[in-house]
file query-v4.tsv (TSV, C-alpha atoms)
chain	number	residue	atom	x	y	z
A	1	MET	CA	89.16	107.26	107.20
A	2	ILE	CA	91.62	108.55	104.60
A	3	ALA	CA	91.78	106.14	101.67
A	4	ASP	CA	94.91	105.57	99.64
A	5	THR	CA	95.05	107.67	96.50
A	6	ALA	CA	95.73	104.95	93.94
A	7	THR	CA	92.76	102.68	94.62
A	8	ARG	CA	90.24	104.74	96.57
A	9	VAL	CA	87.75	105.05	93.71
A	10	GLN	CA	87.85	101.33	92.89
A	11	LYS	CA	87.30	100.49	96.56
A	12	HIS	CA	84.08	102.54	96.51
A	13	THR	CA	82.86	101.20	93.18
A	14	ALA	CA	80.60	98.16	92.89
A	15	GLN	CA	82.66	95.06	92.09
A	16	HIS	CA	80.66	94.27	88.95
A	17	VAL	CA	81.45	97.77	87.62
A	18	ASN	CA	85.16	97.38	88.37
A	19	SER	CA	85.10	93.96	86.70
A	20	ARG	CA	83.38	95.34	83.61
A	21	ILE	CA	85.94	98.15	83.31
A	22	GLN	CA	88.83	95.68	83.66
A	23	ARG	CA	87.24	93.32	81.11
A	24	GLU	CA	86.87	96.19	78.63
A	25	ILE	CA	90.52	97.16	79.08
A	26	GLN	CA	91.52	93.54	78.47
A	27	GLU	CA	89.36	93.34	75.34
A	28	ARG	CA	90.77	96.57	73.89
A	29	VAL	CA	94.37	95.54	74.50
A	30	SER	CA	93.67	92.06	73.08
A	31	GLU	CA	92.42	93.64	69.85
A	32	PHE	CA	95.85	95.20	69.35
A	33	GLU	CA	97.71	92.09	70.51
A	34	SER	CA	96.87	90.15	67.35
A	35	SER	CA	97.92	92.89	64.93
A	36	GLN	CA	100.55	94.77	66.93
A	37	ASP	CA	100.14	97.56	64.37
A	38	ALA	CA	102.30	100.36	65.78
A	39	GLU	CA	100.36	103.07	63.94
A	40	SER	CA	97.00	101.93	65.31
A	41	ILE	CA	98.45	101.65	68.80
A	42	THR	CA	99.83	105.19	68.52
A	43	ARG	CA	96.37	106.48	67.51
A	44	LYS	CA	94.81	104.68	70.47
A	45	LEU	CA	97.44	106.13	72.82
A	46	LYS	CA	96.53	109.61	71.60
A	47	GLU	CA	92.87	108.85	72.35
A	48	LEU	CA	93.83	107.75	75.85
A	49	ASP	CA	95.72	111.04	76.34
A	50	ARG	CA	92.44	112.90	75.71
A	51	GLU	CA	90.24	110.64	77.83
A	52	TRP	CA	88.79	112.30	80.91
A	53	ASP	CA	89.34	110.39	84.12
A	54	THR	CA	87.03	110.38	87.14
A	55	GLU	CA	88.99	113.09	88.94
A	56	ARG	CA	88.82	115.55	86.05
A	57	ALA	CA	85.11	114.89	85.53
A	58	LEU	CA	84.35	115.29	89.23
A	59	GLN	CA	86.39	118.49	89.54
A	60	THR	CA	84.60	119.99	86.56
A	61	ASN	CA	81.19	118.99	87.89
A	62	PHE	CA	81.99	120.28	91.37
A	63	ALA	CA	83.04	123.64	89.96
A	64	ILE	CA	79.98	123.93	87.70
A	65	PHE	CA	77.52	123.07	90.46
A	66	SER	CA	79.22	125.35	92.99
A	67	MET	CA	79.06	128.29	90.58
A	68	LEU	CA	75.49	127.41	89.64
A	69	GLY	CA	74.54	127.42	93.32
A	70	LEU	CA	76.08	130.86	93.77
A	71	VAL	CA	74.36	132.27	90.69
A	72	LEU	CA	70.98	130.85	91.74
A	73	ALA	CA	71.45	132.08	95.31
A	74	ASN	CA	72.14	135.54	93.94
A	75	THR	CA	69.27	135.59	91.45
A	76	VAL	CA	66.55	133.22	92.70
A	77	SER	CA	66.76	132.36	96.37
A	78	LYS	CA	69.35	132.25	99.13
A	79	ARG	CA	68.38	128.60	99.63
A	80	TRP	CA	70.56	127.78	96.65
A	81	LEU	CA	73.58	128.50	98.87
A	82	ALA	CA	73.06	124.95	100.16
A	83	LEU	CA	74.17	123.71	96.73
A	84	ALA	CA	77.13	126.08	96.63
A	85	LEU	CA	78.23	124.88	100.10
A	86	GLY	CA	77.23	121.23	99.77
A	87	VAL	CA	79.23	120.53	96.65
A	88	PRO	CA	82.60	121.43	98.21
A	89	ALA	CA	81.70	119.22	101.17
A	90	PHE	CA	81.26	116.32	98.76
A	91	MET	CA	84.60	117.17	97.17
A	92	ILE	CA	86.27	116.95	100.58
A	93	GLN	CA	84.54	113.63	101.16
A	94	HIS	CA	85.78	112.36	97.82
A	95	SER	CA	89.35	113.52	98.41
A	96	LEU	CA	89.47	111.78	101.79
A	97	GLN	CA	87.42	108.64	101.17
A	98	GLY	CA	87.27	108.22	97.41
A	99	TRP	CA	83.48	108.38	97.27
A	100	CYS	CA	80.88	111.07	96.57
A	101	PRO	CA	77.29	110.95	95.27
A	102	PRO	CA	78.00	111.36	91.53
A	103	LEU	CA	80.80	108.80	91.47
A	104	PRO	CA	78.68	105.61	91.15
A	105	VAL	CA	76.89	107.10	88.15
A	106	MET	CA	80.14	108.17	86.52
A	107	ARG	CA	81.65	104.73	87.02
A	108	ARG	CA	78.58	102.98	85.63
A	109	ILE	CA	78.76	105.04	82.43
A	110	GLY	CA	82.38	103.97	82.05
A	111	LEU	CA	84.51	106.81	83.40
A	112	ARG	CA	87.82	105.36	84.47
A	113	THR	CA	90.43	106.39	86.98
A	114	SER	CA	93.78	107.64	85.73
A	115	ARG	CA	95.26	104.38	87.01
A	116	GLU	CA	92.89	102.33	84.85
A	117	ILE	CA	93.65	104.50	81.81
A	118	ASN	CA	97.37	104.08	82.47
A	119	GLU	CA	97.01	100.29	82.72
A	120	GLU	CA	95.72	100.29	79.15
A	121	ARG	CA	98.34	102.84	78.08
A	122	PHE	CA	101.29	100.83	79.42
A	123	ALA	CA	99.94	97.54	78.03
A	124	LEU	CA	99.68	99.14	74.58
A	125	LYS	CA	103.16	100.65	74.87
A	126	ALA	CA	104.52	97.22	75.79
A	127	LEU	CA	102.81	95.71	72.73
A	128	ARG	CA	104.29	98.45	70.56
A	129	GLY	CA	107.75	97.63	71.93
A	130	ASP	CA	108.41	100.87	73.78
A	131	PHE	CA	110.08	99.09	76.70
A	132	ARG	CA	112.43	96.72	74.85
A	133	GLU	CA	115.45	99.02	75.04
A	134	ALA	CA	114.63	100.18	78.54
A	135	ALA	CA	114.39	96.57	79.75
A	136	ARG	CA	118.01	96.00	78.71
A	137	SER	CA	119.18	99.22	80.34
A	138	ASP	CA	120.43	99.89	83.83
A	139	SER	CA	119.85	103.61	83.32
A	140	ALA	CA	116.97	105.11	85.26
A	141	GLU	CA	116.95	107.94	82.75
A	142	GLU	CA	116.38	105.57	79.80
A	143	ILE	CA	113.67	103.67	81.68
A	144	LEU	CA	111.83	106.87	82.60
A	145	ARG	CA	112.15	108.14	79.01
A	146	ALA	CA	110.43	104.96	77.76
A	147	VAL	CA	107.63	105.36	80.30
A	148	LYS	CA	107.05	109.01	79.41
A	149	ALA	CA	107.12	108.49	75.62

call {"tool": "encode", "arguments": {"input": "query-v4.tsv", "output": "structure tokens"}}
result
Amino acid sequence: MIADTATRVQKHTAQHVNSRIQREIQERVSEFESSQDAESITRKLKELDREWDTERALQTNFAIFSMLGLVLANTVSKRWLALALGVPAFMIQHSLQGWCPPLPVMRRIGLRTSREINEERFALKALRGDFREAARSDSAEEILRAVKA
């Protein structure tokens, strides 16, 4: 019942959507592969740092709809409490199973998991050469520094 954290969203996403997302990652990284322009890669990495992943988008939406339900229950009708109570139930479902009603829509419009964003990030860092020194090192500290950079 409880899905693993790293792949739970992909497991509940249609395969053609997962494939499209992976293909787009491959295409973006391939664009940089030919030039290996460190400055362009750095700009793209900064974009990736600002990209919202599925978890952040879902958390924001859950909070907005829960508050909206409370406001509407207070001002319009107590029936709106169903929204305020239903949304957290979906959040629990998502945290345990990796699925909730808005997720298929979010995935179809291209929202990626943090893991998918990081795949692109680490591929670009490898192209830029961030791991060359770390690969020759036996120091965990140096390796982690290269990953965090």

call {"tool": "residues_near_point", "arguments": {"input": "query-v4.tsv", "point": "(90.1, 113.6, 95.8)", "cutoff": "9 Å", "atoms": "all atoms listed in the file", "output": "PDB file with C-alpha atoms, keeping the file's coordinate frame"}}
result
ATOM      1  CA  THR A   5      95.050 107.670  96.500  1.00  0.00           C
ATOM      2  CA  ARG A   8      90.240 104.740  96.570  1.00  0.00           C
ATOM      3  CA  GLU A  55      88.990 113.090  88.940  1.00  0.00           C
ATOM      4  CA  LEU A  58      84.350 115.290  89.230  1.00  0.00           C
ATOM      5  CA  GLN A  59      86.390 118.490  89.540  1.00  0.00           C
ATOM      6  CA  MET A  91      84.600 117.170  97.170  1.00  0.00           C
ATOM      7  CA  ILE A  92      86.270 116.950 100.580  1.00  0.00           C
ATOM      8  CA  GLN A  93      84.540 113.630 101.160  1.00  0.00           C
ATOM      9  CA  HIS A  94      85.780 112.360  97.820  1.00  0.00           C
ATOM     10  CA  SER A  95      89.350 113.520  98.410  1.00  0.00           C
ATOM     11  CA  LEU A  96      89.470 111.780 101.790  1.00  0.00           C
ATOM     12  CA  GLN A  97      87.420 108.640 101.170  1.00  0.00           C
ATOM     13  CA  GLY A  98      87.270 108.220  97.410  1.00  0.00           C
ATOM     14  CA  TRP A  99      83.480 108.380  97.270  1.00  0.00           C
TER      15      TRP A  99
END

call {"tool": "residues_near_point", "arguments": {"input": "query-v4.tsv", "point": "(101.3, 95.4, 74.2)", "cutoff": "12 Å", "atoms": "all atoms listed in the file", "output": "ChimeraX atom specification"}}
result
/A:25-26,28-38,40-42,44-45,119-132

call {"tool": "atom_distance", "arguments": {"input": "query-v4.tsv", "atom1": "atom CA of Arg115 of chain A", "atom2": "atom CA of Glu39 of chain A"}}
result
23.7 Å

call {"tool": "atom_distance", "arguments": {"input": "query-v4.tsv", "atom1": "atom CA of Met67 of chain A", "atom2": "atom CA of Val87 of chain A"}}
result
9.9 Å

call {"tool": "atom_distance", "arguments": {"input": "query-v4.tsv", "atom1": "atom CA of Glu141 of chain A", "atom2": "atom CA of Asp49 of chain A"}}
result
22.4 Å

call {"tool": "closest_residue", "arguments": {"input": "query-v4.tsv", "among": "A:Ala89, A:Leu111, A:Ala84, A:Ile143", "to": "Val17 of chain A", "atoms": "all atoms listed in the file"}}
result
A:Leu111

call {"tool": "closest_residue", "arguments": {"input": "query-v4.tsv", "among": "A:Arg79, A:Leu68, A:Pro104, A:Asn118", "to": "Gln15 of chain A", "atoms": "all atoms listed in the file"}}
result
A:Pro104
